[in-house]
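Some notes on the structure that comes next.
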Amino acid sequence: MARRKKIYEGKAKILYEGPEPGTLVQYFKDDATAFNAEKRATIDGKGVLNNRLSEFFMSGLNAIGVPTHFIRRLNMREQLIRSVEIIPLEVVIRNVAAGSISKRLGIEEGTALPRPIVEFYYKDDTLGDPLVAEEHVITFGWASQQDLDDMVALGLRVNDFLSGLMMGVGIKLVDFKIEIGRIWEGDYMRLIVADEISPDSCRLWDMKTGQKLDKDVFRRDLGDLADAYTEVAKRLGVLPDQGTVSGPTLVN
Ligand code: 5GP
């Protein structure tokens with residue numbers, strides 16, 4: 001049997017050549033990293049959960065007319081996606097101060113922001129993904145002014161969609177990161193949401209207790225990451241109530 005071609009391997013995912021031109025297969029690993037890969041672990045079941053959750057968010061976005069790379073899920077760990085030219089920027093949208101904005105600007109974690117803030121970080125591991133201004137993005141040619149306007153609009157639409165979805169299941173969407181890619185349709189270029197949307201790239205706090213249900217559980221050693229992600233998946237109806245993907249199942 002022919003071995004499929006690996007296109008790219010990142011910290012949490014692998015991309016393989018897809019079955020048709022313009023497609024890729026995205027494989028979700030169980031690996032977790034934080035602090036620019038200084039902290040690493042393998043978390044049983046994380047890849048399965050993120051594959052399911054990213055499918056859930058991206059297919060919902062597709063359904064309301066926000067274009068994403070997601071085509072269909074193939075199996076427990078893989079999904080078929082459109083191949084895009086990734087813009088080398090992480091787009092972070094914040095509703096509540098936490099993480100790096102709290103550290104950088106001394107704003108207490110949990111402070112509600114008067115309006116969502118959209119930030120751009122230059123994707124470069126050797127530099128630690130630095131925060132950049134629109135001036136940098138345009139001067140260094142990472143994206144055009146039109147791209148930036150489209151990226152802000154896409155980010156805010158994703159924010160509205162995800163915030164509402166999360167609020168419906170008692171979870172506050174504190175912030176999240178998305179990546180955006182270019183696709184060409186004939187002579188026209190469009191920007192679409194790419195990469196993944198999962199608790200790896202969001203901050204999710206239980207609205208009643210404040211319990212963290214995202215990758216901060218791993219970053220800050222707050223408990224079992226797979227349990228936190230399973231809770232998010234169950235509340236959203238992505239897994240059946242009794243479902244778990246991390247532990248063995250006892251069959252009588
Ligand atoms: P912060 O800038 O506070 O560290 O992160 C803001 C949000 O973006 C958080 O939800 C965080 O999980 C997400 N984020 C920022 N950088 C990355 C990254 O390199 N990988 C992932 N998975 N998420 C990120």
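Ordered as shown in the structure tokens, chains take letters A, B, and onward, while each chain numbers its residues from 1 and ligands are numbered from 1 in the order shown.
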
Could you give me, as a list in words, every polymer residue with an atom at most 8 Å away from an atom of ligand 1, counting only C-alpha atoms and all ligand atoms?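 The residues within 8 Å of ligand 1, counting only C-alpha atoms and all ligand atoms, are Ala34, Asn36, Glu90, Val91, Val92, Ile93, Arg94, Ala98, Gly99, Ser100, Ile101, Ser102, Tyr121, Lys123, Asp129, Val174, Asp175, Phe176, Lys177, Ile178, Pro199, Asp200, Ser201, Cys202, Arg203, Leu204, Asp214, Lys215 and Asp216 of chain A.
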
*Name all residues at most 10 Å from Ile171 (chain A) (count only C-alpha atoms; drop same-chain ones fewer than 4 positions away) and give them as a list in words.*
Ser163, Gly164, Leu165, Met166, Met167, Arg203, Leu204, Trp205, Asp206, Met207, Lys208, Thr209, Gly210, Gln211, Lys212, Leu213, Val232 and Arg235 of chain A

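Between CA of Leu61 (chain A) and CA of Gln26 (chain A) there is a distance of 18.1 Å.
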
Distance CA of Glu119 (chain A)-CA of Ser144 (chain A), one decimal place?
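So the two atoms, CA of Glu119 (chain A) and CA of Ser144 (chain A), lie 15.5 Å apart.
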
Just give me the gap between CA of Val193 (chain A) and CA of Arg72 (chain A) in Å, one decimal is fine.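 Between CA of Val193 (chain A) and CA of Arg72 (chain A) the gap is 14.7 Å.
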